[in-house]
Structure formats: C-alpha cells, structure tokens
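S.K.: Supplied in structure tokens, the structure appears directly below.
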Amino acid sequence: MFLLKFTEIPGDLNKINREFIGNPIDEFTDIYERFTNLYAIKSLISDDELHKRPLKNRKNRVCRFCGVPFSAEERFKSKAHLLPELIGNKNLFSDFECDKCNSLFGKYETDLANFLGASRAFSIANARSGGLKFKSPDKTFIVQKDPEGPRSVPKLRIESHEEINDHFTLDAENKKVTFRTTRPSYNPHHVFKALLKMGLSVLPDQYVSDYEIAFAILRSVKKNEEPDNPLYKLNVYVHPGPAFPSPMVILFEKKQKTDEIPTHIICIMFHSYTYQLVLPLNKKDKWMFDGEKIVTVPNMPPFIDKHFAARFGMPKGHCLNLNLDELKRNEKHEMTFTFEDYTDTRLNE
Ligand SMILES: [Zn+2]
C-alpha cells in the first residue's frame with residue numbers, strides 16, 4: 001500500500017519527510033485498489049539523500065539513449081541531470097547520458113519549461129530564493145520574488161498590467177484565487193519527449209533493451225504526424241496546497257505478466273503536478289499494437305494522502321494530448337491557488 005505522507009521536520013522548512021502509506025482519498029479508493037491490485041512499484045527515484053548514488057567514471061560510461069561509449073570524440077563532459085533541473089532536481093545526476101543526447105534533451109526541456117509557464121515561478125522555492133521571473137508573452141503578467149522585500153522572507157510579487165486582460169479572480173469567501181495568463185509558445189510533442197526521457201531514465205538497466213523503439217522515438221527528428229495516437233495522451237492531476245517538496249518518478253510494473261495491460265506505467269510528480277503515462281512500446285507489449293485487442297490503461301489515483309486533501313482540497317485530474325508536433329502559440333493557462341488569509345491594502349489608501 002502506498003500514498004504520500006508529508007511530515008515536516010521541525011525547524012527546517014526545506015526538509016519534509018515523506019513516506020508511502022495506504023491512505024487514499026475516499027473518492028479515489030476504488031481506483032486506488034484496482035490499480036494496486038494490478039501494479040506494484042518497481043523503482044522510485046527522488047531528489048533526496050536516499051537516492052543519491054555514486055557516478056561511474058567517465059571513461060566507463062555508455063549512453064543509455066544512443067548507445068555510444070566514452071571515446072576521444074564523446075567525452076561525457078556535460079553534467080547531465082537524471083531529472084531536469086527545471087522541475088526542481090538539484091542532486092541527481094546521470095552517468096548514462098552523452099553530451100550529444102544531453103543537448104538534444106535540453107531542447108525538449110525548453111518546451112517543457114514553456115508549457116509549465118507561470119506555474120514554475122509560483123513555487124515556494126522561487127518565493128524563497130528567487131531566480132525565476134515569469135513574463136507572459138504580451139509582458140502584461142509578471143511573477144517573481146518580491147525584489148523590494150527582504151531576501152530572507154519568502155514573498156512573490158505578481159504584477160497584472162491592463163485590467164482588460166482579466167488576469168485574476170479573487171474568491172475571498174472560498175479562499176481561492178485564480179490566475180489567467182498565456183503560456184510561452186511550446187511544442188506539445190517535445191513536452192511528451194521530455195517526460196518520456198524522465199521515464200526511460202528511471203528504468204533499471206536490465207529493462208533498457210525492451211524499450212529500443214521508445215529510445216529511437218525519443219531521439220528521432222521525424223515529425224509525429226498522428227494527431228490522435230493514444231500513446232501520447234496522459235493523465236495529469238493538479239493538487240492544491242503545498243507543492244511536492246522535491247521531484248519524484250515512480251516506475252510501476254504489472255504484477256501478472258499475462259494481464260492485458262501495459263508492462264510499465266510512469267508517474268512523475270513535481271511542483272503541484274502528477275503526470276501519469278504509459279512507458280510506450282515495450283517489446284513485451286507487442287500484443288498491444290496488433291490492432292486486434294482493445295487496450296485499457298487502468299486509471300491511476302493521485303498519490304495524495306487523504307488528510308492532506310482534507311486540509312487543502314481535492315486533486316483535480318485531466319487528460320493531456322501531446323500529439324501535436326509543432327509550435328502551439330498563445331495557449332491560455334489558468335492556475336487556482338488556495339490561501340489562508342488576505343489583506344486588501346486598498347482600504348489603507
Ligand atoms: Zn547519447
């Protein structure tokens with residue numbers, strides 16, 4: 001049984017313990033039970049002390065993504081992150097990603113950053129230490145650490161220019177504020193590839209050869225022409241309340257080899273998001289692609305403790321279609337936050 005439980009370490013706000021316990025939110029108990037009957041955790045990687053590991057000497061490295069070994073031409077010089085820095089990874093590095101692949105994946109991550117848009121700037125980490133300034137494409141909505149406040153106080157400054165843009169709605173009664181802005185242009189299929197790369201990075205070594213086609217797709221420059229391939233659709237939950245303290249990726253494996261469901265499912269958790277996707281095209285999943293069987297991907301519950309949800313609100317799920325392989329411009333982006341209290345300073349003027 002597993003669900004995330006957060007426990008604060010007194011005196012250190014940056015550190016929060018978490019553990020998996022069986023405490024599903026009532027509304028998700030059925031989905032939770034069905035899913036955990038079918039799948040078990042195979043591997044879990046999280047940016048915390050438990051998951052740091054020594055890296056192989058550069059001379060012994062081989063790229064997991066393109067197969068190239070260390071040589072005079074490929075020296076594995078870049079400091080490749082196991083999970084992207086932009087989702088909050090500070091300490092996990094990779095010893096199986098060559099410089100060429102690292103630079104390709106950097107491009108996918110730029111699309112992921114643009115897709116996440118303002119939500120990255122709203123993080124508590126940014127309120128504490130700053131460094132990230134979001135500016136909407138039309139420059140009328142800005143989120144950054146308050147440049148005028150003392151550095152030690154976590155505080156964000158959100159600027160909304162031109163009332164016509166209708167940037168926010170304050171619901172004082174329900175203690176909710178919704179911000180509306182625009183995402184910088186991004187390529188949805190590259191966002192999928194950035195997430196797929198995270199999934200393929202947590203695979204135990206012995207599974208890598210099962211995913212030859214997925215690795216080829218990840219590196220391929222061939223355009224995805226299908227608008228509706230179910231492989232590139234995923235499930236997302238957004239939870240209100242404090243964000244995940246650090247990013248985490250879980251690899252789930254089906255318990256019964258004979259079950260007609262995908263072998264692996266990946267769950268990527270960071271900020272206030274949980275992205276759930278099938279790790280595609282495992283060679284053991286060939287039966288899925290013969291066009292004769294209907295493939296059902298079991299729903300996944302959000303791995304949020306029910307006490308956490310009772311305090312901060314229910315996670316909301318939606319489907320995301322990442323088939324489109326061209327630039328998406330001016331996409332609307334809406335974010336809702338809960339708050340404890342507010343002061344209307346207009347009264348003091
Ligand atoms: Zn490579």
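Naming scheme: A, B, ... for chains in displayed order of the structure tokens; residues 1 onward per chain; ligands 1 onward as shown.
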Around ligand 1, at most 8 Å away and counting only C-alpha atoms and all ligand atoms, which residues are there? Put them as a VMD selection string, please.

M.R.: chain A and resid 62 to 68 96 to 102

S.K.: Could the residues in this selection be written to a file with N, CA and C atoms, as an mmCIF file, in the first residue's frame?

M.R.:
data_model
loop_
_atom_site.group_PDB
_atom_site.id
_atom_site.type_symbol
_atom_site.label_atom_id
_atom_site.label_comp_id
_atom_site.auth_asym_id
_atom_site.auth_seq_id
_atom_site.Cartn_x
_atom_site.Cartn_y
_atom_site.Cartn_z
ATOM 1 N N VAL A 62 28.563 4.610 -20.867
ATOM 2 C CA VAL A 62 27.929 4.315 -22.154
ATOM 3 C C VAL A 62 26.588 5.044 -22.141
ATOM 4 N N CYS A 63 26.232 5.689 -23.255
ATOM 5 C CA CYS A 63 24.968 6.433 -23.281
ATOM 6 C C CYS A 63 23.803 5.456 -23.409
ATOM 7 N N ARG A 64 22.886 5.540 -22.477
ATOM 8 C CA ARG A 64 21.702 4.692 -22.490
ATOM 9 C C ARG A 64 20.796 5.037 -23.675
ATOM 10 N N PHE A 65 20.848 6.279 -24.117
ATOM 11 C CA PHE A 65 19.892 6.760 -25.111
ATOM 12 C C PHE A 65 20.322 6.489 -26.544
ATOM 13 N N CYS A 66 21.635 6.570 -26.838
ATOM 14 C CA CYS A 66 22.064 6.325 -28.219
ATOM 15 C C CYS A 66 23.091 5.205 -28.302
ATOM 16 N N GLY A 67 23.537 4.695 -27.169
ATOM 17 C CA GLY A 67 24.434 3.541 -27.171
ATOM 18 C C GLY A 67 25.910 3.874 -27.311
ATOM 19 N N VAL A 68 26.253 5.138 -27.445
ATOM 20 C CA VAL A 68 27.653 5.496 -27.692
ATOM 21 C C VAL A 68 28.480 5.394 -26.392
ATOM 22 N N PHE A 96 24.766 8.045 -17.665
ATOM 23 C CA PHE A 96 24.490 7.314 -18.911
ATOM 24 C C PHE A 96 23.864 8.227 -19.968
ATOM 25 N N GLU A 97 24.318 9.472 -19.996
ATOM 26 C CA GLU A 97 23.774 10.409 -20.987
ATOM 27 C C GLU A 97 24.929 11.166 -21.640
ATOM 28 N N CYS A 98 25.136 10.922 -22.943
ATOM 29 C CA CYS A 98 26.270 11.549 -23.626
ATOM 30 C C CYS A 98 25.978 13.029 -23.890
ATOM 31 N N ASP A 99 27.006 13.772 -24.286
ATOM 32 C CA ASP A 99 26.853 15.221 -24.481
ATOM 33 C C ASP A 99 25.864 15.547 -25.601
ATOM 34 N N LYS A 100 25.886 14.700 -26.650
ATOM 35 C CA LYS A 100 25.000 14.956 -27.794
ATOM 36 C C LYS A 100 23.540 14.779 -27.373
ATOM 37 N N CYS A 101 23.249 13.696 -26.681
ATOM 38 C CA CYS A 101 21.879 13.461 -26.218
ATOM 39 C C CYS A 101 21.481 14.532 -25.210
ATOM 40 N N ASN A 102 22.416 14.903 -24.341
ATOM 41 C CA ASN A 102 22.142 15.937 -23.341
ATOM 42 C C ASN A 102 21.701 17.243 -24.010
#

S.K.: DSSP on the backbone: which residues in region 135-287 of chain A end up as helix (DSSP H, G or I)? Give the answer as JSON, numbers by chain.

M.R.: {"A": [163, 164, 165, 188, 189, 190, 191, 192, 193, 194, 195, 196, 197, 198, 199, 200, 201, 205, 206, 207, 208, 209, 210, 211, 212, 213, 214, 215, 216, 217, 218, 219, 230, 231, 232, 283, 284, 285, 286, 287]}

S.K.: Tell me which of A:Pro230, A:Lys155, A:Pro280, A:Pro247 sits closest to Ala127 (chain A), counting only C-alpha atoms.

M.R.: A:Lys155

S.K.: Work out how far apart CA of Asp48 (chain A) and CA of Tyr211 (chain A) are and give it in Å to one decimal.

M.R.: 27.3 Å

S.K.: If we count only C-alpha atoms, what is near Tyr232 (chain A) at a cut-off of 12 Å, once residues fewer than 3 positions away on the same chain are taken out, given as a ChimeraX atom specification?

M.R.: /A:188-196,214,217,224-229,235,276-281,319-325

S.K.: Atoms to include: C-alpha atoms. Write the selected residues as a PDB file, in the first residue's frame.

M.R.:
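Below is the file again.pdb, written as the result:
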ATOM      1  CA  PRO A 188       3.482  19.589 -27.174  1.00  0.00           C
ATOM      2  CA  HIS A 189       5.267  16.550 -28.612  1.00  0.00           C
ATOM      3  CA  HIS A 190       8.571  17.801 -27.223  1.00  0.00           C
ATOM      4  CA  VAL A 191       6.886  18.062 -23.821  1.00  0.00           C
ATOM      5  CA  PHE A 192       5.951  14.391 -24.201  1.00  0.00           C
ATOM      6  CA  LYS A 193       9.551  13.556 -25.059  1.00  0.00           C
ATOM      7  CA  ALA A 194      10.831  15.443 -22.006  1.00  0.00           C
ATOM      8  CA  LEU A 195       8.507  13.335 -19.825  1.00  0.00           C
ATOM      9  CA  LEU A 196       9.366  10.117 -21.692  1.00  0.00           C
ATOM     10  CA  ALA A 214      10.872   4.143 -27.375  1.00  0.00           C
ATOM     11  CA  ILE A 217      11.413   7.746 -30.896  1.00  0.00           C
ATOM     12  CA  ASN A 224       4.861  12.897 -35.398  1.00  0.00           C
ATOM     13  CA  GLU A 225       2.079  13.162 -37.981  1.00  0.00           C
ATOM     14  CA  GLU A 226      -0.615  11.439 -35.940  1.00  0.00           C
ATOM     15  CA  PRO A 227      -2.985  13.826 -34.190  1.00  0.00           C
ATOM     16  CA  ASP A 228      -4.605  11.153 -32.071  1.00  0.00           C
ATOM     17  CA  ASN A 229      -2.125   8.456 -31.095  1.00  0.00           C
ATOM     18  CA  ASN A 235      -3.300  11.800 -17.288  1.00  0.00           C
ATOM     19  CA  GLN A 276       0.961   9.605 -15.445  1.00  0.00           C
ATOM     20  CA  LEU A 277       1.984   7.945 -18.678  1.00  0.00           C
ATOM     21  CA  VAL A 278       2.390   4.509 -20.179  1.00  0.00           C
ATOM     22  CA  LEU A 279       6.012   3.751 -20.913  1.00  0.00           C
ATOM     23  CA  PRO A 280       5.435   3.068 -24.602  1.00  0.00           C
ATOM     24  CA  LEU A 281       6.425   0.282 -26.971  1.00  0.00           C
ATOM     25  CA  CYS A 319      -6.309  14.400 -19.855  1.00  0.00           C
ATOM     26  CA  LEU A 320      -3.443  15.858 -21.844  1.00  0.00           C
ATOM     27  CA  ASN A 321      -2.951  15.201 -25.549  1.00  0.00           C
ATOM     28  CA  LEU A 322       0.697  15.670 -26.525  1.00  0.00           C
ATOM     29  CA  ASN A 323       0.451  14.500 -30.135  1.00  0.00           C
ATOM     30  CA  LEU A 324       0.817  17.876 -31.837  1.00  0.00           C
ATOM     31  CA  ASP A 325       4.382  18.183 -33.144  1.00  0.00           C
TER      32      ASP A 325
END

S.K.: CA of Asp30 (chain A) to CA of Leu231 (chain A): how many Å, to one decimal?

M.R.: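 Distance between the two atoms: 24.6 Å.
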
S.K.: At what distance in Å, to one decimal, does CA of Lys328 (chain A) lie from CA of Val238 (chain A)?

M.R.: 21.7 Å
